[in-house]
Each structure stands twice: as C-alpha cells, then as structure tokens.
$ cat structure-v9.txt   # compact mmCIF, C-alpha atoms
# COMPACT_ATOMS: atom_id res chain seq x y z
CA MET A 1 26.38 -12.92 151.68
CA ALA A 2 24.43 -16.19 151.40
CA PRO A 3 20.68 -15.87 150.85
CA PRO A 4 18.36 -16.74 153.66
CA CYS A 5 17.41 -20.42 153.83
CA GLY A 6 13.82 -19.90 152.60
CA SER A 7 15.01 -17.70 149.79
CA GLY A 8 17.59 -20.34 148.86
CA ARG A 9 14.91 -23.00 148.48
CA ARG A 10 12.83 -20.62 146.33
CA TRP A 11 15.92 -19.80 144.30
CA MET A 12 16.67 -23.50 143.72
CA ARG A 13 13.08 -24.16 142.66
CA ALA A 14 13.29 -21.28 140.18
CA VAL A 15 16.52 -22.68 138.73
CA LYS A 16 14.95 -26.16 138.38
CA LEU A 17 11.88 -24.65 136.67
CA ILE A 18 14.05 -22.72 134.21
CA LEU A 19 16.10 -25.84 133.44
CA PHE A 20 12.89 -27.87 133.03
CA LEU A 21 11.45 -25.36 130.57
CA PHE A 22 14.78 -25.12 128.76
CA PHE A 23 14.77 -28.85 128.01
CA LEU A 24 10.99 -29.24 127.64
CA ILE A 25 10.39 -26.73 124.83
CA PRO A 26 13.05 -28.04 122.41
CA MET A 27 11.99 -31.62 123.10
CA SER A 28 8.36 -30.74 122.33
CA SER A 29 9.45 -29.12 119.07
CA VAL A 30 11.47 -32.20 118.20
CA GLY A 31 8.43 -34.34 118.96
CA ILE A 32 6.26 -32.28 116.64
CA ARG A 33 8.91 -32.43 113.96
CA ASN A 34 9.19 -36.19 114.38
CA THR A 35 5.40 -36.58 114.15
CA ASP A 36 5.35 -34.48 110.96
CA THR A 37 8.21 -36.51 109.54
CA ILE A 38 6.41 -39.79 110.28
CA PHE A 39 3.23 -38.42 108.68
CA ASP A 40 5.16 -37.26 105.60
CA LYS A 41 6.88 -40.64 105.29
CA LYS A 42 3.53 -42.46 105.54
CA LYS A 43 1.98 -40.25 102.87
CA LYS A 44 5.07 -40.63 100.69
CA LEU A 45 4.84 -44.43 100.94
CA GLU A 46 1.12 -44.31 100.16
CA VAL A 47 1.81 -42.10 97.12
CA GLN A 48 4.51 -44.47 95.85
CA ARG A 49 2.22 -47.49 96.23
CA GLN A 50 -0.55 -45.68 94.37
CA LEU A 51 1.80 -44.56 91.59
CA LYS A 52 3.00 -48.13 91.15
CA ARG A 53 -0.62 -49.28 90.86
CA LEU A 54 -1.62 -46.53 88.43
CA ASN A 55 1.49 -46.34 86.23
CA LYS A 56 2.24 -49.63 84.51
CA PRO A 57 5.71 -50.36 83.06
CA ALA A 58 6.08 -48.56 79.72
CA LEU A 59 7.55 -50.03 76.53
CA LYS A 60 7.84 -46.48 75.18
CA THR A 61 7.37 -43.04 76.74
CA ILE A 62 6.30 -39.89 74.89
CA LYS A 63 6.66 -36.37 76.33
CA SER A 64 3.80 -34.19 75.11
CA PRO A 65 4.38 -30.47 74.35
CA ASP A 66 1.59 -29.65 76.83
CA GLY A 67 3.49 -31.30 79.71
CA ASP A 68 1.72 -34.66 79.76
CA ILE A 69 3.73 -37.88 79.76
CA ILE A 70 2.18 -40.71 77.73
CA ASP A 71 3.27 -44.27 78.54
CA CYS A 72 2.84 -46.92 75.86
CA VAL A 73 1.88 -49.95 77.97
CA ASP A 74 1.64 -53.57 76.88
CA ILE A 75 -2.05 -54.09 76.06
CA LYS A 76 -2.06 -57.30 78.14
CA LYS A 77 -0.70 -55.48 81.20
CA GLN A 78 -3.10 -52.52 81.25
CA PRO A 79 -4.87 -51.51 84.50
CA ALA A 80 -8.13 -53.31 83.59
CA PHE A 81 -6.62 -56.66 84.48
CA ASP A 82 -6.02 -55.65 88.09
CA HIS A 83 -9.77 -56.07 88.58
CA PRO A 84 -10.52 -59.35 90.39
CA LEU A 85 -13.27 -60.19 87.86
CA LEU A 86 -10.87 -59.75 84.94
CA LYS A 87 -7.85 -61.71 86.15
CA ASN A 88 -8.33 -64.43 83.51
CA HIS A 89 -10.05 -62.23 80.94
CA THR A 90 -9.17 -62.74 77.28
CA ILE A 91 -8.90 -59.45 75.41
CA GLN A 92 -11.54 -59.00 72.75
CA MET A 93 -9.96 -56.95 69.95
CA ARG A 94 -13.20 -56.66 67.98
CA PRO A 95 -16.87 -56.97 68.95
CA GLY A 96 -18.58 -60.30 68.33
CA SER A 97 -21.42 -58.39 66.68
CA TYR A 98 -22.01 -54.90 65.32
CA PRO A 99 -25.21 -52.90 65.19
CA GLU A 100 -26.44 -52.21 61.69
CA GLY A 101 -24.85 -49.00 60.40
CA PHE A 102 -22.40 -48.74 63.30
CA LEU A 103 -20.01 -46.52 61.30
CA PHE A 104 -21.33 -42.98 61.21
CA LYS A 105 -20.24 -40.27 58.83
CA GLU A 106 -20.32 -37.00 60.71
CA SER A 107 -22.94 -34.67 59.30
CA ASN A 108 -22.59 -30.96 58.65
CA ASN A 109 -26.12 -29.89 59.51
CA ILE A 110 -24.79 -27.63 62.27
CA SER A 111 -21.03 -27.46 62.10
CA SER A 112 -18.79 -25.81 59.54
CA ASN A 113 -18.16 -27.48 56.19
CA SER A 114 -14.47 -27.19 56.99
CA LYS A 115 -14.34 -29.34 60.11
CA PRO A 116 -10.91 -29.69 61.77
CA LYS A 117 -9.92 -33.24 62.64
CA ILE A 118 -9.64 -33.82 66.38
CA THR A 119 -6.19 -34.82 67.56
CA GLN A 120 -4.10 -34.95 70.77
CA ASN A 121 -0.98 -32.88 71.40
CA TRP A 122 1.28 -35.81 72.24
CA HIS A 123 0.99 -37.06 68.65
CA LEU A 124 3.49 -34.33 67.68
CA ASN A 125 6.26 -36.27 69.44
CA GLY A 126 5.43 -39.86 68.53
CA ARG A 127 2.90 -42.69 68.49
CA CYS A 128 2.44 -45.87 70.50
CA PRO A 129 3.42 -49.08 68.69
CA GLU A 130 1.05 -51.92 67.91
CA GLY A 131 0.40 -54.17 70.90
CA THR A 132 0.43 -51.24 73.33
CA ILE A 133 -2.08 -48.64 74.52
CA PRO A 134 -1.38 -45.00 75.46
CA ILE A 135 -1.93 -44.10 79.12
CA ARG A 136 -1.48 -40.60 80.54
CA ARG A 137 0.98 -40.94 83.41
CA THR A 138 -0.09 -39.90 86.91
CA LYS A 139 2.66 -37.81 88.49
CA GLU A 140 3.77 -37.70 92.14
CA GLU A 141 2.70 -34.05 92.45
CA ASP A 142 -0.82 -35.00 91.26
CA LEU A 143 -1.24 -37.31 94.23
CA LEU A 144 0.50 -35.03 96.75
CA ARG A 145 -1.95 -32.24 95.90
CA ALA A 146 -4.97 -34.54 95.93
CA SER A 147 -7.37 -34.32 98.88
CA SER A 148 -7.21 -38.11 99.13
CA VAL A 149 -4.43 -40.24 97.64
CA ALA A 150 -6.58 -43.38 97.67
CA ASN A 151 -9.51 -41.63 95.94
CA TYR A 152 -7.50 -39.82 93.28
CA GLY A 153 -9.36 -39.91 89.96
CA ARG A 154 -12.62 -41.08 91.47
CA GLN A 155 -15.97 -39.30 91.18
CA LYS A 156 -16.33 -36.61 93.82
CA TYR A 157 -20.09 -36.11 93.54
CA ASN A 158 -23.11 -38.03 92.32
CA SER A 159 -23.72 -36.50 88.91
CA ILE A 160 -26.83 -38.07 87.42
CA PRO A 161 -28.93 -35.18 86.00
CA ASN A 162 -32.15 -34.68 87.93
CA ASP A 163 -34.84 -32.07 88.38
CA ALA A 164 -34.09 -31.47 92.05
CA ASN A 165 -32.66 -28.11 93.07
CA ASN A 166 -29.02 -29.12 93.51
CA ALA A 167 -26.84 -26.51 95.20
CA ILE A 168 -23.66 -27.82 93.55
CA HIS A 169 -24.54 -29.32 90.15
CA GLU A 170 -26.29 -27.57 87.29
CA TYR A 171 -27.43 -29.25 84.08
CA ALA A 172 -28.71 -28.51 80.61
CA THR A 173 -29.53 -31.99 79.33
CA LEU A 174 -31.93 -34.12 77.31
CA ILE A 175 -32.94 -37.51 78.72
CA GLU A 176 -34.46 -40.40 76.75
CA GLU A 177 -36.28 -43.03 78.84
CA GLY A 178 -39.25 -45.38 78.73
CA ASP A 179 -37.63 -48.15 76.67
CA THR A 180 -34.81 -50.69 76.94
CA TYR A 181 -31.56 -49.39 75.44
CA TYR A 182 -28.57 -51.24 73.98
CA GLY A 183 -26.54 -48.25 72.90
CA MET A 184 -26.49 -44.59 71.92
CA ASN A 185 -24.81 -42.10 69.61
CA ALA A 186 -23.96 -38.41 70.02
CA GLU A 187 -21.68 -35.97 68.26
CA MET A 188 -20.66 -33.25 70.70
CA ASN A 189 -19.05 -29.88 70.17
CA VAL A 190 -15.54 -29.31 71.61
CA TRP A 191 -14.96 -25.94 73.31
CA ASN A 192 -12.67 -24.69 76.06
CA PRO A 193 -15.05 -23.14 78.61
CA HIS A 194 -13.82 -20.82 81.35
CA VAL A 195 -13.89 -22.46 84.82
CA GLN A 196 -13.81 -20.09 87.78
CA GLU A 197 -12.68 -22.23 90.72
CA GLN A 198 -10.05 -24.97 90.80
CA ASN A 199 -12.56 -27.40 92.35
CA GLU A 200 -15.27 -26.67 89.77
CA PHE A 201 -15.64 -28.35 86.38
CA SER A 202 -17.45 -27.99 83.08
CA LEU A 203 -18.42 -31.11 81.13
CA ALA A 204 -20.15 -32.08 77.89
CA GLN A 205 -21.06 -35.75 78.05
CA PHE A 206 -23.44 -38.68 77.69
CA TRP A 207 -24.86 -40.89 80.44
CA LEU A 208 -25.94 -44.45 79.64
CA ALA A 209 -27.60 -45.62 82.84
CA ALA A 210 -29.53 -48.50 84.37
CA ALA A 211 -31.43 -48.22 87.64
CA ASP A 212 -33.31 -50.73 89.77
CA ASN A 213 -37.06 -50.45 90.29
CA ASN A 214 -36.60 -48.11 93.24
CA GLY A 215 -34.17 -45.88 91.37
CA VAL A 216 -31.71 -46.18 94.27
CA ASN A 217 -29.02 -48.45 92.83
CA ARG A 218 -27.59 -47.28 89.55
CA ASP A 219 -24.94 -48.38 87.05
CA THR A 220 -23.62 -45.89 84.51
CA ILE A 221 -21.31 -45.63 81.52
CA GLU A 222 -20.30 -42.05 80.75
CA GLY A 223 -17.98 -40.17 78.43
CA GLY A 224 -17.28 -36.81 76.85
CA VAL A 225 -15.00 -33.81 77.21
CA MET A 226 -14.16 -31.88 80.37
CA VAL A 227 -12.28 -28.98 81.90
CA TYR A 228 -11.44 -30.00 85.47
CA TYR A 229 -8.44 -28.42 87.20
CA GLU A 230 -8.67 -30.44 90.42
CA MET A 231 -8.13 -33.66 88.48
CA ASN A 232 -5.88 -32.54 85.63
CA ARG A 233 -4.02 -29.51 87.08
CA ASP A 234 -4.79 -27.35 84.07
CA TYR A 235 -7.70 -25.80 82.19
CA ARG A 236 -7.37 -27.73 78.93
CA THR A 237 -10.34 -29.61 77.46
CA ARG A 238 -9.71 -33.33 77.88
CA LEU A 239 -11.25 -36.58 76.68
CA PHE A 240 -12.76 -38.67 79.48
CA THR A 241 -14.80 -41.74 80.34
CA PHE A 242 -16.34 -42.78 83.62
CA TRP A 243 -18.24 -45.78 84.98
CA THR A 244 -19.80 -46.89 88.25
CA ASN A 245 -21.61 -50.07 89.26
CA ASN A 246 -23.00 -49.00 92.63
CA GLY A 247 -24.51 -45.56 92.38
CA TYR A 248 -21.20 -43.63 92.57
CA GLN A 249 -19.96 -45.26 95.76
CA SER A 250 -17.02 -46.40 93.62
CA GLY A 251 -15.97 -46.33 90.01
CA CYS A 252 -13.68 -43.81 88.36
CA TYR A 253 -12.46 -41.79 85.43
CA ASN A 254 -10.49 -43.09 82.45
CA LEU A 255 -8.07 -45.90 83.32
CA GLN A 256 -7.42 -44.72 86.87
CA CYS A 257 -9.00 -47.83 88.28
CA PRO A 258 -9.37 -51.27 86.68
CA GLY A 259 -12.42 -51.87 84.49
CA PHE A 260 -12.39 -50.44 80.95
CA VAL A 261 -10.37 -52.58 78.50
CA GLN A 262 -8.67 -50.33 75.92
CA THR A 263 -7.84 -51.78 72.50
CA ASP A 264 -6.88 -48.66 70.46
CA ASN A 265 -3.27 -47.40 70.49
CA ARG A 266 -3.91 -43.91 69.07
CA LEU A 267 -5.92 -41.89 71.63
CA ALA A 268 -5.30 -41.55 75.36
CA PHE A 269 -8.12 -41.00 77.85
CA GLY A 270 -7.39 -37.98 80.01
CA ALA A 271 -5.26 -36.32 77.33
CA ALA A 272 -6.22 -32.94 75.87
CA LEU A 273 -8.16 -32.70 72.61
CA GLU A 274 -7.41 -30.16 69.88
CA PRO A 275 -8.46 -28.00 68.13
CA TYR A 276 -11.26 -26.17 69.94
CA SER A 277 -14.28 -24.68 68.21
CA ASP A 278 -13.95 -21.07 67.14
CA TYR A 279 -16.78 -18.69 68.07
CA GLY A 280 -18.38 -17.68 64.77
CA GLY A 281 -15.96 -19.90 62.81
CA ASP A 282 -14.89 -23.53 62.41
CA GLN A 283 -16.50 -26.01 64.76
CA SER A 284 -14.68 -29.02 66.24
CA SER A 285 -16.63 -32.04 67.41
CA VAL A 286 -16.20 -35.69 68.30
CA ASN A 287 -18.73 -38.50 67.81
CA PHE A 288 -19.31 -40.98 70.67
CA PHE A 289 -20.98 -44.30 69.86
CA VAL A 290 -21.62 -46.90 72.56
CA PHE A 291 -23.18 -50.26 71.69
CA LYS A 292 -23.69 -53.66 73.28
CA ASP A 293 -22.03 -56.66 71.66
CA ASN A 294 -24.79 -59.26 71.56
CA VAL A 295 -22.31 -62.16 71.40
CA HIS A 296 -20.11 -61.37 74.41
CA GLY A 297 -22.32 -58.81 76.15
CA ASN A 298 -19.64 -56.12 76.46
CA TRP A 299 -20.30 -52.39 76.01
CA TRP A 300 -18.07 -50.99 73.24
CA LEU A 301 -17.02 -47.38 72.70
CA GLN A 302 -16.20 -45.95 69.29
CA LEU A 303 -15.01 -42.39 68.67
CA GLY A 304 -15.70 -40.98 65.21
CA ASP A 305 -15.38 -43.37 62.28
CA ASP A 306 -11.85 -44.46 63.07
CA TYR A 307 -11.31 -45.19 66.75
CA LEU A 308 -12.73 -48.38 68.25
CA MET A 309 -11.43 -47.54 71.71
CA GLY A 310 -12.34 -50.64 73.71
CA TYR A 311 -15.07 -51.89 76.01
CA TRP A 312 -16.55 -52.17 79.47
CA PRO A 313 -16.92 -55.92 80.21
CA SER A 314 -20.50 -56.79 81.14
CA SER A 315 -19.19 -58.62 84.23
CA LEU A 316 -18.41 -55.23 85.80
CA PHE A 317 -22.11 -54.48 86.16
CA SER A 318 -25.20 -55.93 87.74
CA ILE A 319 -28.12 -53.79 86.49
CA LEU A 320 -26.31 -52.59 83.36
CA SER A 321 -25.01 -56.05 82.47
CA TYR A 322 -28.08 -56.60 80.28
CA SER A 323 -29.35 -53.21 79.09
CA ALA A 324 -29.81 -49.54 80.00
CA THR A 325 -32.99 -47.82 81.16
CA SER A 326 -32.08 -44.25 80.13
CA VAL A 327 -29.78 -42.24 77.89
CA THR A 328 -28.88 -38.62 78.67
CA TRP A 329 -26.89 -36.03 76.70
CA GLY A 330 -25.81 -32.52 77.61
CA GLY A 331 -23.75 -30.21 79.78
CA GLU A 332 -22.94 -30.12 83.48
CA VAL A 333 -21.08 -27.64 85.68
CA THR A 334 -20.38 -27.40 89.39
CA ASN A 335 -21.23 -24.15 91.15
CA GLU A 336 -19.40 -23.60 94.45
CA GLN A 337 -21.14 -20.21 94.93
CA ARG A 338 -17.95 -18.51 96.09
CA GLY A 339 -18.80 -15.38 98.10
CA GLY A 340 -22.49 -16.22 97.89
CA GLN A 341 -22.58 -15.56 94.16
CA HIS A 342 -23.25 -17.84 91.22
CA THR A 343 -20.10 -19.09 89.50
CA THR A 344 -18.85 -17.61 86.22
CA THR A 345 -17.94 -21.11 85.04
CA GLN A 346 -19.18 -21.50 81.49
CA MET A 347 -21.06 -24.41 79.96
CA GLY A 348 -20.25 -25.32 76.34
CA SER A 349 -19.21 -22.24 74.38
CA GLY A 350 -20.25 -19.95 77.24
CA HIS A 351 -23.15 -18.63 75.13
CA PHE A 352 -26.88 -19.34 75.38
CA ALA A 353 -28.59 -21.80 73.04
CA GLU A 354 -30.49 -19.02 71.23
CA GLU A 355 -27.28 -17.86 69.53
CA GLY A 356 -27.45 -20.94 67.31
CA PRO A 357 -24.94 -22.21 64.71
CA HIS A 358 -21.22 -21.49 65.16
CA ARG A 359 -21.85 -19.72 68.48
CA ALA A 360 -23.82 -21.96 70.83
CA SER A 361 -22.52 -25.42 71.68
CA PHE A 362 -24.37 -28.41 70.24
CA PHE A 363 -25.11 -32.13 70.42
CA GLN A 364 -26.17 -33.67 67.12
CA ASN A 365 -26.76 -37.08 65.48
CA LEU A 366 -28.56 -38.21 68.62
CA LYS A 367 -29.51 -41.89 68.38
CA VAL A 368 -30.46 -44.79 70.65
CA ILE A 369 -30.52 -48.54 70.04
CA ASP A 370 -33.92 -49.58 71.37
CA HIS A 371 -35.46 -52.89 72.55
CA GLU A 372 -35.85 -54.06 68.93
CA GLN A 373 -32.13 -53.44 68.30
CA ILE A 374 -33.11 -50.60 65.97
CA LEU A 375 -31.00 -47.47 65.79
CA ARG A 376 -33.40 -44.54 65.93
CA GLY A 377 -33.65 -40.91 66.99
CA PRO A 378 -34.83 -39.75 70.43
CA ARG A 379 -38.57 -40.18 70.93
CA ASP A 380 -39.52 -40.42 74.61
CA ASN A 381 -37.47 -37.56 75.96
CA ARG A 382 -37.61 -34.50 78.15
CA ARG A 383 -35.28 -31.67 79.12
CA ILE A 384 -33.56 -31.31 82.48
CA VAL A 385 -32.45 -27.68 82.77
CA THR A 386 -31.82 -26.74 86.39
CA HIS A 387 -31.13 -22.97 86.08
CA PRO A 388 -32.30 -21.70 82.66
CA ASP A 389 -31.19 -18.13 83.44
CA CYS A 390 -27.62 -19.40 83.73
CA TYR A 391 -27.51 -22.29 81.21
CA ASN A 392 -30.25 -23.37 78.79
CA LEU A 393 -31.12 -25.82 76.00
CA LEU A 394 -33.09 -25.61 72.74
CA LYS A 395 -34.06 -28.93 71.11
CA ARG A 396 -34.60 -29.53 67.41
CA ASP A 397 -35.14 -32.92 65.66
CA ASP A 398 -32.05 -35.01 66.42
CA PHE A 399 -29.89 -32.23 67.84
CA PHE A 400 -29.94 -29.42 70.36
CA TYR A 401 -28.05 -26.25 71.27
CA TYR A 402 -27.14 -25.69 74.89
CA GLY A 403 -24.87 -23.75 77.26
CA GLY A 404 -24.47 -20.41 78.94
CA PRO A 405 -22.10 -18.01 80.69
CA GLY A 406 -22.95 -18.68 84.32
CA ARG A 407 -23.12 -15.52 86.41
CA SER A 408 -24.41 -12.56 84.39
CA SER A 409 -27.02 -9.79 84.59
CA VAL A 410 -29.75 -12.45 84.28
CA CYS A 411 -27.94 -15.02 86.47
CA PRO A 412 -26.87 -13.20 89.65

$ encode --input "structure-v9.txt" --output "structure tokens"
Amino acid sequence: MAPPCGSGRRWMRAVKLILFLFFLIPMSSVGIRNTDTIFDKKKKLEVQRQLKRLNKPALKTIKSPDGDIIDCVDIKKQPAFDHPLLKNHTIQMRPGSYPEGFLFKESNNISSNSKPKITQNWHLNGRCPEGTIPIRRTKEEDLLRASSVANYGRQKYNSIPNDANNAIHEYATLIEEGDTYYGMNAEMNVWNPHVQEQNEFSLAQFWLAAADNNGVNRDTIEGGVMVYYEMNRDYRTRLFTFWTNNGYQSGCYNLQCPGFVQTDNRLAFGAALEPYSDYGGDQSSVNFFVFKDNVHGNWWLQLGDDYLMGYWPSSLFSILSYSATSVTWGGEVTNEQRGGQHTTTQMGSGHFAEEGPHRASFFQNLKVIDHEQILRGPRDNRRIVTHPDCYNLLKRDDFFYYGGPGRSSVCP
C-alpha cells in the first residue's frame, strides 16, 4: 500500500537528507585531507629552500661516529658570503695586526697537569682538505621538528646577563665594564651538564658587547660550549658562537646565517667537543681569545694556541664596529619551571663553586684588551648571580669557580 501523500513528501525529504549527509561527510574529510596535504607541501618546500640555503655544496663529506655529517665546503662559497654586505668581500686569511702576546699557553693553576687535548668526534673518520672549511650539515628532520623553519638556529631569547629577576634565564657571571675594550681572553672548563627539558639549555660562554648610551640597542659577539637539545637534537656538549647587531632581533648561532667568516679547516662550529672533564680527575678546557684587528677592523676568534678560526667583519656591526663596552664570562641556564618547580638542569659541573679544583667548573686566564691596547686582567668588575641557592660563583684573581645543580634541598 502506497504511503499517504504527506508521509510520502516527508519520506522523500528524509531520503534527500540521508543522501546529502552521505555525500557531504566524505567530501568534508577529503577537503580536510587536501588542506593538510597543501600545508605539508608548503612546509616541505620551505624546508627544502632553507636546506639549500644552509647546506652549501660539499667537496668532501665526513660521517661522524656521533651521527653528525660534516661537509667540507669551498672556503669561498661559505654561508658568510650570502650576506648583502659581504658579496664582494675578500677573505682575510690572517689578521692585519696582532695584539702583543696573542698566543697563550694554557696554565695549570686550576686544571690537572695531565690535560686532555680537546678534539671533535668527526676527526676519527677524516679531515677537511686545505681550501675548505668544515660545516655541520643541517638535516631535514632538524627543520621539520623546529618550531619555525625560517628561524631555525636563531636566538630564542635575549640572553644578556642582568640583575633583574628573570623567570626564564639564570646566570652566574662576572662582568667587566667601565672602559673601552678591543678584545678578551678566557679559558673555560668543558663538562657535560644534565639538562632536564628539551627546550632548556646549559651554556658556558663569553659575551663581548657594545650598547648605545640608553642601553637599548646592543651588538654582541659570543662563544663557548653548550648543551641544547632543541637546537642539536642531543645532549652532547658542543662548540658554538653567536652574534647579533640589533639587540637579538636577528643574528644567529654558528654558520646558520651569513656573517662569521671561517678560515680554519680543522674545527666545526656546532660539532661536539671531547673529552669532558672528569669529576675529581682530569679537567678539559678550551681557551677563547677574541681581538680586534687594528688594520682591517675585524673581530678575530682564536681557540687555544692552534686554531685561528676566523672573524666577524666589522661591517656587520654599528655599535660594535669600533669597540666593546663590556665583557662578561660565566654560565647560563634556562629554567622552564615545569610543574611549578625549579629545573634540575645543571650549570657547569653541576656542583657549587665552593667545591673548588677538579670538582667545580671554572673560568681562568681572564683578560681584556683595554683602551690603551694593553692586555690586562679584570679590574672594574662585578658578579651577576641571579639565584645563588641554585647556581653560584666564587672569584679569585684572574679566575673563578661557578655552577650548581639546579633544584635541590636549598633550591626548591
């Protein structure tokens, strides 16, 4: 029996609604999938463009036992020359002038008499030939995991040590100021501190900085050793440099943006350093010496007695193009306060300064080149220690001990 007329119309409307929903839901899912696919393709293209910019053609490639890939890149085709100010730059293989006594023999006033020589793991599988420089390759997975592909390798936070109560950054540092500075020296201990969170880091470094009269605009040259999972995808201690010419609005680590001109073919920025210091035993350290070439004006970096690494061209900077207004040495950690508690991320050896030789981390052979171009020890200095119950610093003549464990019974 046929349904009544009104029921038939209702029945037809129900059928149309079912058919509409049947076709609508799959089409919506397809639309979402298409949108996701378009997004993935855009990110993939962005990643490939960034990889092409970061990874220059290699004349030789070395696979490191720790998983790094080191590309030996033609020294004349390194990333520095992508900078618009360096398009016609002529590489300077040696400084036009040297400070008096620029080669420093590492002292043993703190560290063990049997001091291991710092090396990098990739050396086990080869070396870069003359005329090239070693560059740690950025991998596709590094960029895919990054919070921002375009900002990969760039400074996440402003990290000039200051006395303000900073919720993220904590410091145990010594700052020298009150003069005009043309360089600095520091030998820093190499440890492998525990880092709690993947987006936290632990650094031992120097800051060579110049600020305007208001202290708002700031140029810096920085370098040292770091454990930083978010950047390096592991917890190894790695060699790093950093620079900025506009108060951390831009600038970046190592050779991940154009600027620093590398001249040495033996060490790679961003690669891990070995061996680490041994608590109560042998101590590993590396000496950082930065000085201004008075002929060409560039800021040179030398590591130890042997490695003249390269330079930051003075044209990169405005305030720092002439001289620096402060020099800072010490440790820095980030504290994300997970669960409302202080981080367990360690600074230095993870032990307080009072533990002294072979146990606490140290900076020694502290020097500055002052306005008279004289290399001298720190004189007009003060400590910046933000949370002394968590990390502290004890100064002696031209060295200091520093560090700490982070969260503990005295650092809740």

$ residues_around --input "structure-v9.txt" --residues "region 384-387 of chain A" --least-positions-apart "4" --cutoff "6 Å" --atoms "all atoms listed in the file" --output "number ranges by chain"
A: 170-173

$ write_last_selection --input "structure-v9.txt" --atoms "C-alpha atoms" --output "CSV table (one decimal), keeping the file's coordinate frame"
chain,number,residue,atom,x,y,z
A,170,GLU,CA,-26.3,-27.6,87.3
A,171,TYR,CA,-27.4,-29.2,84.1
A,172,ALA,CA,-28.7,-28.5,80.6
A,173,THR,CA,-29.5,-32.0,79.3

$ residues_around --input "structure-v9.txt" --residues "region 139-142 of chain A" --least-positions-apart "5" --cutoff "12 Å" --atoms "all atoms listed in the file" --output "list in words"
Lys43, Lys44, Leu45, Glu46, Val47, Gln48, Arg49, Gln50, Leu51, Lys52, Leu54, Asn55, Gly67, Asp68, Ile69, Ile70, Asp71, Ser147, Ser148, Val149, Asn151, Tyr152, Gly153, Tyr229, Glu230, Met231, Asn232, Arg233 and Asp234 of chain A

$ write_last_selection --input "structure-v9.txt" --atoms "C-alpha atoms" --output "mmCIF file, keeping the file's coordinate frame"
data_model
loop_
_atom_site.group_PDB
_atom_site.id
_atom_site.type_symbol
_atom_site.label_atom_id
_atom_site.label_comp_id
_atom_site.auth_asym_id
_atom_site.auth_seq_id
_atom_site.Cartn_x
_atom_site.Cartn_y
_atom_site.Cartn_z
ATOM 1 C CA LYS A 43 1.980 -40.250 102.870
ATOM 2 C CA LYS A 44 5.070 -40.630 100.690
ATOM 3 C CA LEU A 45 4.840 -44.430 100.940
ATOM 4 C CA GLU A 46 1.120 -44.310 100.160
ATOM 5 C CA VAL A 47 1.810 -42.100 97.120
ATOM 6 C CA GLN A 48 4.510 -44.470 95.850
ATOM 7 C CA ARG A 49 2.220 -47.490 96.230
ATOM 8 C CA GLN A 50 -0.550 -45.680 94.370
ATOM 9 C CA LEU A 51 1.800 -44.560 91.590
ATOM 10 C CA LYS A 52 3.000 -48.130 91.150
ATOM 11 C CA LEU A 54 -1.620 -46.530 88.430
ATOM 12 C CA ASN A 55 1.490 -46.340 86.230
ATOM 13 C CA GLY A 67 3.490 -31.300 79.710
ATOM 14 C CA ASP A 68 1.720 -34.660 79.760
ATOM 15 C CA ILE A 69 3.730 -37.880 79.760
ATOM 16 C CA ILE A 70 2.180 -40.710 77.730
ATOM 17 C CA ASP A 71 3.270 -44.270 78.540
ATOM 18 C CA SER A 147 -7.370 -34.320 98.880
ATOM 19 C CA SER A 148 -7.210 -38.110 99.130
ATOM 20 C CA VAL A 149 -4.430 -40.240 97.640
ATOM 21 C CA ASN A 151 -9.510 -41.630 95.940
ATOM 22 C CA TYR A 152 -7.500 -39.820 93.280
ATOM 23 C CA GLY A 153 -9.360 -39.910 89.960
ATOM 24 C CA TYR A 229 -8.440 -28.420 87.200
ATOM 25 C CA GLU A 230 -8.670 -30.440 90.420
ATOM 26 C CA MET A 231 -8.130 -33.660 88.480
ATOM 27 C CA ASN A 232 -5.880 -32.540 85.630
ATOM 28 C CA ARG A 233 -4.020 -29.510 87.080
ATOM 29 C CA ASP A 234 -4.790 -27.350 84.070
#

$ atom_distance --input "structure-v9.txt" --atom1 "CA of Trp329 (chain A)" --atom2 "CA of Phe206 (chain A)"
4.5 Å

$ closest_residue --input "structure-v9.txt" --among "A:Ser323, A:Asn381, A:Asn125, A:Gln346" --to "Asn298 (chain A)" --atoms "only C-alpha atoms"
A:Ser323

$ atom_distance --input "structure-v9.txt" --atom1 "CA of Trp299 (chain A)" --atom2 "CA of Tyr311 (chain A)"
5.3 Å

$ residues_around --input "structure-v9.txt" --residues "Pro129 (chain A)" --least-positions-apart "3" --cutoff "8 Å" --atoms "only C-alpha atoms" --output "list in words"
Cys72, Thr132 and Asn265 of chain A

$ closest_residue --input "structure-v9.txt" --among "A:Ser315, A:Thr61, A:Asn287, A:Thr138" --to "Leu86 (chain A)" --atoms "all atoms listed in the file"
A:Ser315

$ closest_residue --input "structure-v9.txt" --among "A:Pro99, A:Phe81, A:Gln92, A:Gly178" --to "Asn294 (chain A)" --atoms "only C-alpha atoms"
A:Pro99

$ atom_distance --input "structure-v9.txt" --atom1 "CA of Ile319 (chain A)" --atom2 "CA of Leu174 (chain A)"
22.0 Å

$ residues_near_point --input "structure-v9.txt" --point "(-32.0, -42.8, 70.3)" --cutoff "8 Å" --atoms "all atoms listed in the file" --output "list in words"
Glu176, Met184, Asn185, Val327, Leu366, Lys367, Val368, Ile369, Asp370, Leu375, Arg376, Gly377, Pro378 and Arg379 of chain A

$ closest_atom_pairs --input "structure-v9.txt" --of "region 298-365 of chain A" --to "region 116-123 of chain A" --cutoff "12 Å" --atoms "only C-alpha atoms" --output "JSON lines"
{"residue": "A:Leu303", "atom": "CA", "partner": "A:Ile118", "partner_atom": "CA", "distance": 10.4}
{"residue": "A:Gly304", "atom": "CA", "partner": "A:Ile118", "partner_atom": "CA", "distance": 9.5}
{"residue": "A:Asp305", "atom": "CA", "partner": "A:Lys117", "partner_atom": "CA", "distance": 11.5}
{"residue": "A:Asp306", "atom": "CA", "partner": "A:Ile118", "partner_atom": "CA", "distance": 11.4}
{"residue": "A:Tyr307", "atom": "CA", "partner": "A:Ile118", "partner_atom": "CA", "distance": 11.5}

$ residues_around --input "structure-v9.txt" --residues "Pro313 (chain A)" --least-positions-apart "4" --cutoff "9 Å" --atoms "only C-alpha atoms" --output "PyMOL selection string"
chain A and resi 86+259-261+296-300+317+321

$ residues_around --input "structure-v9.txt" --residues "Thr345 (chain A)" --least-positions-apart "2" --cutoff "9 Å" --atoms "all atoms listed in the file" --output "number ranges by chain"
A: 193-197, 200-202, 333-335, 342-343, 347, 350, 404-407
